[in-house]
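K.L.:
Sharing a structure below in structure tokens format, with a few things to ask.
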Amino acid sequence: MTIPLIGITSNEKPVEEGSPIIHLSVSTLFADGVKRAGGLPFYIPISNPDFAREYVNRIDKLILSGGQNVDPSYYGEEKTIDSKDYFLARDIWEVALVKEAIAQGKPVLGVCRGLQLYNAVTGGSLNQAIDGHAEKGPFEITHKIVTENGSQLQQIYGREQEVNSVHRQSLKKLAPHLKVTARSSEDDVIEGGESFTDAPFIGVQWHPEFLLGHKHLKDQGLFDYFVKSFT
């Protein structure tokens, strides 16, 4: 049996402030979730967008990890917040990966920024600033989400599930082919989306990788489904 190769996008950060030495920066917990699900994790560095076709051609599925805000130019808006939390080189690279994954029909899982980026690239937009979703750390439970009937997220998580929350932006206008499949029980913020077109996509606004050690939560189930079943 062939073991699926799962590409995982990564960020970049200097070893220390002001250092010219730049390291890949992405949680090892993504790899843990993939390995427990029976996949081979592969972290993808930020690269020239001309290489996107070859990277996507070599992987079976793609995980878009979390991180910076998505540049509003990708959904036709100007920046309305005073924030340095943008990284255009990463946007350019991951937009190329998303477009190539769609072209090749490779399944995509979007986590936090990953859901936002996918939505923006495929015709949606974002709320550039929201309150109440980034007050605690990624390992802390913050609120409940409610899943939609008939959704894959409901098959994985049930009707309700506790999640963490470290995002300062959210989905506003939904991309035409996406369907909302989870919302925050507190303020109705979109927390999950799915699409089962030629290029299947599932995305969540929380960070399931940080919750894998919680025995009463079901976040490993998301990795299991994505690696084993999502086609």
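Following the order of the structure tokens, chains are lettered A, B, ..., residues in each are numbered from 1, and ligands are numbered from 1.
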Give me the stretch 183-220 of chain A side of the contact with stretch 117-128 of chain A, cut-off 10 Å, one line per residue showing its nearest atom pair and distance in Å at one decimal, counting only C-alpha atoms, sorted by chain and residue number, as JSON lines.
P.N.:
```
{"residue": "A:Gly193", "atom": "CA", "partner": "A:Asn119", "partner_atom": "CA", "distance": 9.0}
{"residue": "A:Phe201", "atom": "CA", "partner": "A:Tyr118", "partner_atom": "CA", "distance": 8.8}
{"residue": "A:Ile202", "atom": "CA", "partner": "A:Tyr118", "partner_atom": "CA", "distance": 9.8}
{"residue": "A:Gly203", "atom": "CA", "partner": "A:Tyr118", "partner_atom": "CA", "distance": 8.6}
```
K.L.:
Can you build me a table of stretch 16-41 of chain A residues sitting at most 7 Å from stretch 216-226 of chain A, with the closest atom pair per residue and its distance in Å to one decimal, using only C-alpha atoms, sorted by chain and residue number, as a Markdown table?
P.N.:
```
| residue | atom | partner | partner_atom | distance |
| --- | --- | --- | --- | --- |
| A:Gly33 | CA | A:Phe223 | CA | 5.8 |
| A:Val34 | CA | A:Phe223 | CA | 6.0 |
| A:Ala37 | CA | A:Asp224 | CA | 4.6 |
```
K.L.:
Identify which of the residues A:Phe30, A:Ile63, A:Pro20, A:Trp93 lies closest to A:Pro49, counting only C-alpha atoms when measuring atom-to-atom distances.
P.N.:
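That would be A:Trp93, the residue with the smallest distance to A:Pro49.
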K.L.:
Mind listing the alpha helix (DSSP H) residues of stretch 147-179 of chain A, per DSSP on the backbone, as a PyMOL selection string?
P.N.:
chain A and resi 152-157
K.L.:
How far is it from atom CA of A:Tyr86 to atom CA of A:Gln68, in Å with one decimal?
P.N.:
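Rounded to one decimal, the two atoms are 5.3 Å apart.
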K.L.:
Using only C-alpha atoms, can you tell me which of A:Ser83, A:Thr9, A:Thr231, A:Thr142 comes closest to A:Phe196?
P.N.:
A:Thr231
K.L.:
Quick one: which stretch 50-104 of chain A residues come within 10 Å of stretch 149-168 of chain A, and what is the nearest atom pair for each with the distance in Å to one decimal, counting only C-alpha atoms, rows ordered by chain and ascending number, as CSV?
P.N.:
```
residue,atom,partner,partner_atom,distance
A:Gly66,CA,A:His167,CA,9.2
A:Gly67,CA,A:His167,CA,9.1
A:Gln68,CA,A:His167,CA,9.6
A:Asn69,CA,A:Arg168,CA,8.4
```
K.L.:
Take the residues just selected and output them with N, CA, C and O atoms as an mmCIF file, in the first residue's frame.
P.N.:
```cif
data_model
loop_
_atom_site.group_PDB
_atom_site.id
_atom_site.type_symbol
_atom_site.label_atom_id
_atom_site.label_comp_id
_atom_site.auth_asym_id
_atom_site.auth_seq_id
_atom_site.Cartn_x
_atom_site.Cartn_y
_atom_site.Cartn_z
ATOM 1 N N GLY A 66 -1.086 27.755 9.541
ATOM 2 C CA GLY A 66 -1.473 29.080 10.008
ATOM 3 C C GLY A 66 -0.336 30.085 9.929
ATOM 4 O O GLY A 66 0.788 29.771 9.538
ATOM 5 N N GLY A 67 -0.643 31.329 10.350
ATOM 6 C CA GLY A 67 0.397 32.355 10.328
ATOM 7 C C GLY A 67 -0.157 33.745 10.122
ATOM 8 O O GLY A 67 -1.180 34.118 10.694
ATOM 9 N N GLN A 68 0.512 34.499 9.254
ATOM 10 C CA GLN A 68 0.218 35.911 9.069
ATOM 11 C C GLN A 68 -1.155 36.173 8.430
ATOM 12 O O GLN A 68 -1.804 35.274 7.894
ATOM 13 N N ASN A 69 -1.537 37.449 8.482
ATOM 14 C CA ASN A 69 -2.710 37.903 7.747
ATOM 15 C C ASN A 69 -2.483 37.726 6.248
ATOM 16 O O ASN A 69 -1.353 37.810 5.765
#
```
K.L.:
Using atom CA of A:Ile59 and atom CA of A:Ala199 as the two end points, give the distance in Å to one decimal.
P.N.:
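Distance reported for this atom pair: 14.1 Å.
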K.L.:
Counting only C-alpha atoms, figure out which residue out of A:Lys35, A:Arg90, A:His133, A:Lys106 gets nearest to A:Trp206.
P.N.:
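Closest to A:Trp206 of all the choices is A:His133.
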K.L.:
What lies within 6 Å of stretch 94-99 of chain A using only C-alpha atoms, ignoring chain neighbours under 3 positions off, as a list of chain:residue names?
P.N.:
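Once the adjacent positions are removed, what remains is A:Pro49, A:Ala52, A:Asp91, A:Ile102.
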K.L.:
Looking at A:Ser19, A:Thr80, A:Gln169, A:Asn57, which one is nearest to A:Gly7, with distances taken over only C-alpha atoms?
P.N.:
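For A:Gly7, the nearest of the candidates is A:Asn57.
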K.L.:
Please provide as number ranges by chain all residues within 6 Å of stretch 177-190 of chain A, with the sequence filter that same-chain residues fewer than 3 positions apart are discarded (counting only C-alpha atoms).
P.N.:
A: 144-148, 151, 193-195
K.L.:
Write the residues you've just listed into a file as a PDB file, in the first residue's frame, and include N, CA and C atoms for each of them.
P.N.:
```pdb
ATOM      1  N   LYS A 144     -16.938  26.991  21.876  1.00  0.00           N
ATOM      2  CA  LYS A 144     -17.491  25.865  21.133  1.00  0.00           C
ATOM      3  C   LYS A 144     -17.799  26.272  19.696  1.00  0.00           C
ATOM      4  N   ILE A 145     -17.715  25.280  18.828  1.00  0.00           N
ATOM      5  CA  ILE A 145     -18.205  25.459  17.464  1.00  0.00           C
ATOM      6  C   ILE A 145     -19.393  24.522  17.259  1.00  0.00           C
ATOM      7  N   VAL A 146     -20.287  24.933  16.378  1.00  0.00           N
ATOM      8  CA  VAL A 146     -21.448  24.126  16.011  1.00  0.00           C
ATOM      9  C   VAL A 146     -21.318  23.773  14.537  1.00  0.00           C
ATOM     10  N   THR A 147     -21.364  22.495  14.221  1.00  0.00           N
ATOM     11  CA  THR A 147     -21.201  22.049  12.842  1.00  0.00           C
ATOM     12  C   THR A 147     -22.551  21.931  12.134  1.00  0.00           C
ATOM     13  N   GLU A 148     -22.497  21.992  10.823  1.00  0.00           N
ATOM     14  CA  GLU A 148     -23.707  21.917  10.005  1.00  0.00           C
ATOM     15  C   GLU A 148     -24.085  20.458   9.734  1.00  0.00           C
ATOM     16  N   SER A 151     -22.430  17.768   7.099  1.00  0.00           N
ATOM     17  CA  SER A 151     -21.056  18.152   6.779  1.00  0.00           C
ATOM     18  C   SER A 151     -20.074  17.080   7.229  1.00  0.00           C
ATOM     19  N   GLY A 193     -15.223  25.385   6.662  1.00  0.00           N
ATOM     20  CA  GLY A 193     -15.790  25.380   5.323  1.00  0.00           C
ATOM     21  C   GLY A 193     -15.342  24.151   4.560  1.00  0.00           C
ATOM     22  N   GLU A 194     -16.161  23.728   3.603  1.00  0.00           N
ATOM     23  CA  GLU A 194     -15.856  22.529   2.818  1.00  0.00           C
ATOM     24  C   GLU A 194     -16.258  22.725   1.370  1.00  0.00           C
ATOM     25  N   SER A 195     -15.600  21.985   0.512  1.00  0.00           N
ATOM     26  CA  SER A 195     -15.946  21.962  -0.906  1.00  0.00           C
ATOM     27  C   SER A 195     -15.576  20.600  -1.465  1.00  0.00           C
TER      28      SER A 195
END
```
K.L.:
Between A:Ile141, A:Ala175, A:Gly192, A:Pro45, which has the minimum distance to A:His214 (counting only C-alpha atoms)?
P.N.:
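Checking each of A:Ile141, A:Ala175, A:Gly192, A:Pro45 against A:His214, counting only C-alpha atoms, the winner is A:Ile141.
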K.L.:
Pick out the residues sitting within 10 Å of A:Pro14, and hand them over as a ChimeraX atom specification; count only C-alpha atoms, and ignore anything fewer than 6 positions along from it in its own chain.
P.N.:
/A:20-25
K.L.:
Quick one: write out the picked residues with N, CA, C and O atoms as an mmCIF file, in the first residue's frame?
P.N.:
```
data_model
loop_
_atom_site.group_PDB
_atom_site.id
_atom_site.type_symbol
_atom_site.label_atom_id
_atom_site.label_comp_id
_atom_site.auth_asym_id
_atom_site.auth_seq_id
_atom_site.Cartn_x
_atom_site.Cartn_y
_atom_site.Cartn_z
ATOM 1 N N PRO A 20 20.619 37.237 10.440
ATOM 2 C CA PRO A 20 20.447 36.916 9.026
ATOM 3 C C PRO A 20 20.141 35.437 8.789
ATOM 4 O O PRO A 20 19.879 35.033 7.657
ATOM 5 N N ILE A 21 20.184 34.640 9.847
ATOM 6 C CA ILE A 21 19.925 33.203 9.722
ATOM 7 C C ILE A 21 18.424 32.962 9.841
ATOM 8 O O ILE A 21 17.817 33.223 10.886
ATOM 9 N N ILE A 22 17.827 32.485 8.770
ATOM 10 C CA ILE A 22 16.377 32.286 8.706
ATOM 11 C C ILE A 22 16.065 30.796 8.759
ATOM 12 O O ILE A 22 16.652 30.000 8.022
ATOM 13 N N HIS A 23 15.152 30.424 9.643
ATOM 14 C CA HIS A 23 14.722 29.028 9.763
ATOM 15 C C HIS A 23 13.287 28.870 9.295
ATOM 16 O O HIS A 23 12.489 29.820 9.355
ATOM 17 N N LEU A 24 12.960 27.669 8.838
ATOM 18 C CA LEU A 24 11.559 27.337 8.643
ATOM 19 C C LEU A 24 10.857 27.379 9.996
ATOM 20 O O LEU A 24 11.430 26.980 11.010
ATOM 21 N N SER A 25 9.619 27.838 10.001
ATOM 22 C CA SER A 25 8.886 27.961 11.260
ATOM 23 C C SER A 25 7.480 27.415 11.076
ATOM 24 O O SER A 25 6.627 28.053 10.458
#
```
K.L.:
Atom CA of A:Asp131 to atom CA of A:Leu212: how many Å, to one decimal?
P.N.:
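Computed distance, atom CA of A:Asp131 to atom CA of A:Leu212, equals 25.7 Å.
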K.L.:
Please list as a CSV table (one decimal) with N, CA, C and O atoms, in the first residue's frame every residue within 12 Å of A:Lys84, counting only C-alpha atoms and excluding residues in the same chain fewer than 3 positions away.
P.N.:
```csv
chain,number,residue,atom,x,y,z
A,68,GLN,N,0.5,34.5,9.3
A,68,GLN,CA,0.2,35.9,9.1
A,68,GLN,C,-1.2,36.2,8.4
A,68,GLN,O,-1.8,35.3,7.9
A,69,ASN,N,-1.5,37.4,8.5
A,69,ASN,CA,-2.7,37.9,7.7
A,69,ASN,C,-2.5,37.7,6.2
A,69,ASN,O,-1.4,37.8,5.8
A,70,VAL,N,-3.6,37.5,5.5
A,70,VAL,CA,-3.5,37.5,4.1
A,70,VAL,C,-3.6,38.9,3.5
A,70,VAL,O,-4.5,39.6,4.0
A,71,ASP,N,-2.7,39.2,2.6
A,71,ASP,CA,-2.7,40.6,2.1
A,71,ASP,C,-4.1,40.9,1.4
A,71,ASP,O,-4.6,40.1,0.6
A,79,LYS,N,-5.6,47.7,2.9
A,79,LYS,CA,-5.4,47.4,4.3
A,79,LYS,C,-6.2,48.4,5.1
A,79,LYS,O,-6.0,49.6,4.9
A,81,ILE,N,-6.2,48.0,8.7
A,81,ILE,CA,-5.7,47.9,10.0
A,81,ILE,C,-4.2,48.2,10.0
A,81,ILE,O,-3.5,48.0,9.0
A,87,PHE,N,3.2,39.0,5.2
A,87,PHE,CA,4.4,38.4,4.6
A,87,PHE,C,4.1,38.1,3.2
A,87,PHE,O,3.6,37.0,2.8
A,88,LEU,N,4.3,39.1,2.3
A,88,LEU,CA,3.9,39.0,0.9
A,88,LEU,C,4.5,37.8,0.2
A,88,LEU,O,3.9,37.2,-0.6
```
K.L.:
When DSSP is applied to the backbone of this structure, which of stretch 40-186 of chain A are assigned strand (DSSP E)? Write them out as number ranges by chain.
P.N.:
A: 40-44, 61-64, 108-111, 126-127, 143-147, 160-163, 170-171, 179-184
